[in-house]
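Next comes start36.pdb, with PDB, C-alpha atoms.
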```pdb
ATOM      1  CA  MET B   1     166.513  35.642 169.421
ATOM      2  CA  THR B   2     164.283  38.021 167.519
ATOM      3  CA  ASP B   3     164.978  41.739 167.990
ATOM      4  CA  PHE B   4     163.176  43.388 165.076
ATOM      5  CA  ARG B   5     163.192  47.153 165.670
ATOM      6  CA  ARG B   6     160.497  49.073 163.812
ATOM      7  CA  VAL B   7     161.796  52.270 162.203
ATOM      8  CA  THR B   8     158.856  53.034 159.882
ATOM      9  CA  ASP B   9     155.864  51.066 158.591
ATOM     10  CA  GLN B  10     158.085  50.021 155.664
ATOM     11  CA  LEU B  11     161.362  49.274 157.499
ATOM     12  CA  SER B  12     162.573  47.435 160.562
ATOM     13  CA  VAL B  13     166.194  46.698 161.407
ATOM     14  CA  SER B  14     167.743  43.977 163.487
ATOM     15  CA  PRO B  15     170.968  42.615 164.847
ATOM     16  CA  GLN B  16     172.147  39.360 163.218
ATOM     17  CA  ILE B  17     169.238  37.020 162.488
ATOM     18  CA  SER B  18     169.181  33.234 162.373
ATOM     19  CA  VAL B  19     167.418  30.940 159.913
ATOM     20  CA  ALA B  20     164.644  30.553 162.543
ATOM     21  CA  ASP B  21     164.319  34.344 162.699
ATOM     22  CA  VAL B  22     163.593  34.388 158.953
ATOM     23  CA  ALA B  23     160.514  32.247 159.603
ATOM     24  CA  GLU B  24     159.474  34.621 162.392
ATOM     25  CA  ALA B  25     159.945  37.593 160.054
ATOM     26  CA  ALA B  26     157.662  35.956 157.497
ATOM     27  CA  ARG B  27     155.107  35.210 160.219
ATOM     28  CA  GLN B  28     155.165  38.884 161.242
ATOM     29  CA  GLY B  29     154.429  39.971 157.674
ATOM     30  CA  PHE B  30     157.825  41.010 156.359
ATOM     31  CA  LYS B  31     158.106  40.551 152.584
ATOM     32  CA  THR B  32     161.798  41.343 152.104
ATOM     33  CA  VAL B  33     165.057  40.657 153.944
ATOM     34  CA  ILE B  34     168.170  42.768 153.350
ATOM     35  CA  ASN B  35     171.459  41.394 154.653
ATOM     36  CA  ASN B  36     173.991  44.184 155.273
ATOM     37  CA  ARG B  37     176.482  41.941 157.070
ATOM     38  CA  PRO B  38     179.493  40.649 155.169
ATOM     39  CA  ASP B  39     180.066  36.908 155.461
ATOM     40  CA  GLY B  40     182.816  35.815 157.828
ATOM     41  CA  GLU B  41     182.782  38.677 160.348
ATOM     42  CA  GLU B  42     182.593  36.068 163.082
ATOM     43  CA  PRO B  43     182.681  32.277 162.935
ATOM     44  CA  ALA B  44     179.242  31.652 164.462
ATOM     45  CA  GLN B  45     177.220  33.893 162.131
ATOM     46  CA  PRO B  46     175.057  32.153 159.523
ATOM     47  CA  ALA B  47     176.274  32.495 155.935
ATOM     48  CA  ALA B  48     174.382  34.864 153.642
ATOM     49  CA  ALA B  49     173.489  31.865 151.462
ATOM     50  CA  GLU B  50     171.741  30.173 154.416
ATOM     51  CA  ILE B  51     169.655  33.248 155.192
ATOM     52  CA  GLU B  52     168.877  33.724 151.497
ATOM     53  CA  ALA B  53     167.751  30.097 151.100
ATOM     54  CA  ALA B  54     165.486  30.379 154.155
ATOM     55  CA  ALA B  55     164.003  33.676 152.906
ATOM     56  CA  ARG B  56     163.364  32.418 149.384
ATOM     57  CA  ALA B  57     161.852  29.150 150.689
ATOM     58  CA  LEU B  58     159.290  31.279 152.536
ATOM     59  CA  GLY B  59     158.576  33.459 149.488
ATOM     60  CA  LEU B  60     160.485  36.486 150.774
ATOM     61  CA  ALA B  61     162.566  38.724 148.528
ATOM     62  CA  TYR B  62     166.230  38.863 149.561
ATOM     63  CA  ALA B  63     169.115  41.242 148.916
ATOM     64  CA  TYR B  64     172.724  40.891 149.986
ATOM     65  CA  ILE B  65     174.278  44.360 150.318
ATOM     66  CA  PRO B  66     177.273  43.794 152.611
ATOM     67  CA  VAL B  67     178.576  46.968 154.247
ATOM     68  CA  ARG B  68     182.049  47.162 155.785
ATOM     69  CA  GLY B  69     182.469  50.243 157.942
ATOM     70  CA  GLY B  70     180.444  53.085 156.460
ATOM     71  CA  PRO B  71     178.230  52.440 153.433
ATOM     72  CA  THR B  72     179.316  53.609 149.982
ATOM     73  CA  ARG B  73     177.051  55.739 147.810
ATOM     74  CA  GLU B  74     176.427  52.641 145.644
ATOM     75  CA  GLN B  75     175.340  50.604 148.684
ATOM     76  CA  VAL B  76     173.047  53.418 149.871
ATOM     77  CA  GLU B  77     171.482  53.660 146.411
ATOM     78  CA  ALA B  78     171.146  49.878 146.042
ATOM     79  CA  GLN B  79     169.412  49.574 149.412
ATOM     80  CA  ALA B  80     167.099  52.534 148.702
ATOM     81  CA  SER B  81     166.164  51.062 145.332
ATOM     82  CA  PHE B  82     165.509  47.613 146.775
ATOM     83  CA  ILE B  83     163.325  49.046 149.561
ATOM     84  CA  ALA B  84     161.436  51.264 147.095
ATOM     85  CA  GLY B  85     160.593  48.186 145.016
ATOM     86  CA  ALA B  86     159.600  45.998 147.970
ATOM     87  CA  GLU B  87     156.067  44.630 148.022
ATOM     88  CA  GLY B  88     155.730  45.063 151.774
ATOM     89  CA  PRO B  89     157.631  45.609 154.992
ATOM     90  CA  VAL B  90     161.409  45.154 154.860
ATOM     91  CA  LEU B  91     163.689  43.699 157.535
ATOM     92  CA  ALA B  92     167.325  44.782 157.185
ATOM     93  CA  PHE B  93     170.041  43.344 159.427
ATOM     94  CA  CYS B  94     173.760  43.371 160.168
ATOM     95  CA  ARG B  95     175.729  42.578 163.337
ATOM     96  CA  SER B  96     173.915  45.139 165.488
ATOM     97  CA  GLY B  97     171.474  46.793 163.081
ATOM     98  CA  THR B  98     173.553  49.984 162.956
ATOM     99  CA  ARG B  99     174.897  49.582 159.402
ATOM    100  CA  SER B 100     171.383  48.748 158.202
ATOM    101  CA  ILE B 101     169.752  51.845 159.673
ATOM    102  CA  VAL B 102     172.676  54.098 158.694
ATOM    103  CA  THR B 103     172.544  52.863 155.080
ATOM    104  CA  TRP B 104     168.763  53.435 154.972
ATOM    105  CA  SER B 105     168.907  56.847 156.645
ATOM    106  CA  LEU B 106     171.616  58.122 154.283
ATOM    107  CA  GLY B 107     169.389  57.109 151.364
ATOM    108  CA  GLN B 108     166.466  58.972 152.910
ATOM    109  CA  ALA B 109     168.623  62.066 153.455
ATOM    110  CA  MET B 110     170.115  61.948 149.930
ATOM    111  CA  SER B 111     166.687  61.678 148.308
ATOM    112  CA  GLY B 112     165.267  64.457 150.468
ATOM    113  CA  GLU B 113     162.490  62.103 151.550
ATOM    114  CA  ARG B 114     163.147  62.766 155.247
ATOM    115  CA  GLY B 115     165.084  65.479 157.016
ATOM    116  CA  ARG B 116     167.939  64.990 159.462
ATOM    117  CA  GLU B 117     165.837  65.772 162.541
ATOM    118  CA  GLU B 118     163.168  63.216 161.625
ATOM    119  CA  LEU B 119     165.780  60.570 160.843
ATOM    120  CA  VAL B 120     167.588  61.131 164.154
ATOM    121  CA  LYS B 121     164.246  60.747 165.992
ATOM    122  CA  LEU B 122     163.350  57.570 164.083
ATOM    123  CA  GLY B 123     166.791  56.148 164.840
ATOM    124  CA  ALA B 124     166.556  57.006 168.530
ATOM    125  CA  ALA B 125     163.106  55.408 168.782
ATOM    126  CA  ALA B 126     164.639  52.192 167.387
ATOM    127  CA  GLY B 127     167.654  52.398 169.719
ATOM    128  CA  TYR B 128     170.240  53.881 167.329
ATOM    129  CA  ASP B 129     172.064  57.221 167.500
ATOM    130  CA  LEU B 130     172.191  58.690 163.992
ATOM    131  CA  SER B 131     173.196  62.186 165.077
ATOM    132  CA  GLY B 132     176.858  61.659 164.178
ATOM    133  CA  VAL B 133     176.350  60.060 160.761
ATOM    134  CA  LEU B 134     173.804  62.283 159.040
ATOM    135  CA  PRO B 135     174.790  65.478 157.255
TER     136      PRO B 135
END
```
Can you turn what I pasted into structure tokens?
Amino acid sequence: MTDFRRVTDQLSVSPQISVADVAEAARQGFKTVINNRPDGEEPAQPAAAEIEAAARALGLAYAYIPVRGGPTREQVEAQASFIAGAEGPVLAFCRSGTRSIVTWSLGQAMSGERGREELVKLGAAAGYDLSGVLP
């Protein structure tokens, strides 16, 4: 079930995706997939290696930046760097999409690229409440 939520022209986030969703992401023009969900959170979730293989087979870039709880500074920086180097739109996912958008928004706030108010609005438009996680 595809639930890609557009945040900006460069980034969409999603709850857990399947291998079939990777093909749909490619069809929709995404060039990069970022997996923020650690393997093994629940038995039915696809392994990161399965999603990576599907992405690479379709010519998509792939990054595995698993976030447990809140993202670390290193995870925020890694995700920001990967998105900055992406050749086109990025789809980031985790269980619900929350860790993905929080990790991205913290990177935006740290770099000064976007202010808190704008980030909260972008989050709300995508169905996420960022008001409690942004400085």
Can you turn the PyMOL selection byres ((chain B and resi 93) around 6) into a concrete residue list for this file, as a PyMOL selection string? chain B and resi 13-16+35-36+92+94+97+100
The PyMOL selection byres ((chain B and resi 82) around 12) on the file shown: which residues, as JSON, numbers by chain? {"B": [10, 11, 31, 32, 33, 34, 35, 61, 62, 63, 64, 65, 75, 76, 77, 78, 79, 80, 81, 83, 84, 85, 86, 87, 88, 89, 90, 91, 92, 104, 107]}
Between CA of Arg114 in chain B and CA of Pro38 in chain B, what is the spacing in Å?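 Answer for the CA of Pro38 in chain B to CA of Arg114 in chain B separation: 27.5 Å.
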Given the file shown, determine the residues that the PyMOL selection byres ((chain B and resi 123-126) around 10) selects; report them as a list in words. Phe4, Arg5, Arg6, Val7, Thr8, Ser12, Val13, Ser14, Gly97, Thr98, Ile101, Val102, Ser105, Glu117, Glu118, Leu119, Val120, Lys121, Leu122, Gly127, Tyr128, Asp129, Leu130 and Ser131 of chain B
Now that the selection is made, can you save its residues with C-alpha atoms as a PDB file, in the frame of the given file?
```
ATOM      1  CA  PHE B   4     163.176  43.388 165.076  1.00  0.00           C
ATOM      2  CA  ARG B   5     163.192  47.153 165.670  1.00  0.00           C
ATOM      3  CA  ARG B   6     160.497  49.073 163.812  1.00  0.00           C
ATOM      4  CA  VAL B   7     161.796  52.270 162.203  1.00  0.00           C
ATOM      5  CA  THR B   8     158.856  53.034 159.882  1.00  0.00           C
ATOM      6  CA  SER B  12     162.573  47.435 160.562  1.00  0.00           C
ATOM      7  CA  VAL B  13     166.194  46.698 161.407  1.00  0.00           C
ATOM      8  CA  SER B  14     167.743  43.977 163.487  1.00  0.00           C
ATOM      9  CA  GLY B  97     171.474  46.793 163.081  1.00  0.00           C
ATOM     10  CA  THR B  98     173.553  49.984 162.956  1.00  0.00           C
ATOM     11  CA  ILE B 101     169.752  51.845 159.673  1.00  0.00           C
ATOM     12  CA  VAL B 102     172.676  54.098 158.694  1.00  0.00           C
ATOM     13  CA  SER B 105     168.907  56.847 156.645  1.00  0.00           C
ATOM     14  CA  GLU B 117     165.837  65.772 162.541  1.00  0.00           C
ATOM     15  CA  GLU B 118     163.168  63.216 161.625  1.00  0.00           C
ATOM     16  CA  LEU B 119     165.780  60.570 160.843  1.00  0.00           C
ATOM     17  CA  VAL B 120     167.588  61.131 164.154  1.00  0.00           C
ATOM     18  CA  LYS B 121     164.246  60.747 165.992  1.00  0.00           C
ATOM     19  CA  LEU B 122     163.350  57.570 164.083  1.00  0.00           C
ATOM     20  CA  GLY B 127     167.654  52.398 169.719  1.00  0.00           C
ATOM     21  CA  TYR B 128     170.240  53.881 167.329  1.00  0.00           C
ATOM     22  CA  ASP B 129     172.064  57.221 167.500  1.00  0.00           C
ATOM     23  CA  LEU B 130     172.191  58.690 163.992  1.00  0.00           C
ATOM     24  CA  SER B 131     173.196  62.186 165.077  1.00  0.00           C
TER      25      SER B 131
END
```
Centre and size of axis-aligned box enclosing range 58-63 of chain B plus 5 Å each side, as lines of an AutoDock Vina configuration file:
```
center_x = 163.8
center_y = 36.3
center_z = 150.5
size_x = 20.5
size_y = 20.0
size_z = 14.0
```
For the atom pair CA of Asp21 in chain B and CA of Glu41 in chain B, what is the interatomic distance in Å to one decimal place?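 Separating CA of Asp21 in chain B from CA of Glu41 in chain B is a distance of 19.1 Å.
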Of the listed residues B:Leu134, B:Ile17, B:Thr72, B:Met110, that which approaches Ala44 in chain B most closely, counting only C-alpha atoms: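 Ranked by minimum distance to Ala44 in chain B, first place goes to B:Ile17.
Within 9 Å of the file-frame point (180.4, 52.1, 158.2), and using all atoms listed in the file, the polymer residues found are B:Val67, B:Arg68, B:Gly69, B:Gly70, B:Pro71, B:Thr72, B:Thr98, B:Arg99, B:Val102, B:Thr103.
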Here is a test: counting only C-alpha atoms, which residue of B:Ser18, B:Gly29, B:Arg73, B:Leu60 is nearest to Ala47 in chain B?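 Answer, going by the shortest atom-to-atom distance: B:Ser18.
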Shell of 10 Å around Pro46 in chain B, all atoms listed in the file, local chain residues under 3 positions omitted, as a list of chain:residue names: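 The residues satisfying every condition are B:Gln16, B:Ile17, B:Ser18, B:Val19, B:Asp39, B:Gly40, B:Glu42, B:Pro43, B:Ala49, B:Glu50, B:Ile51.
Comparing B:Leu106, B:Glu113, B:Val22, B:Glu74 by their smallest distance to Arg56 in chain B, the closest is B:Val22 (using only C-alpha atoms).
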Interatomic distance, CA of Arg37 in chain B to CA of Pro66 in chain B (Å, one decimal): 4.9 Å
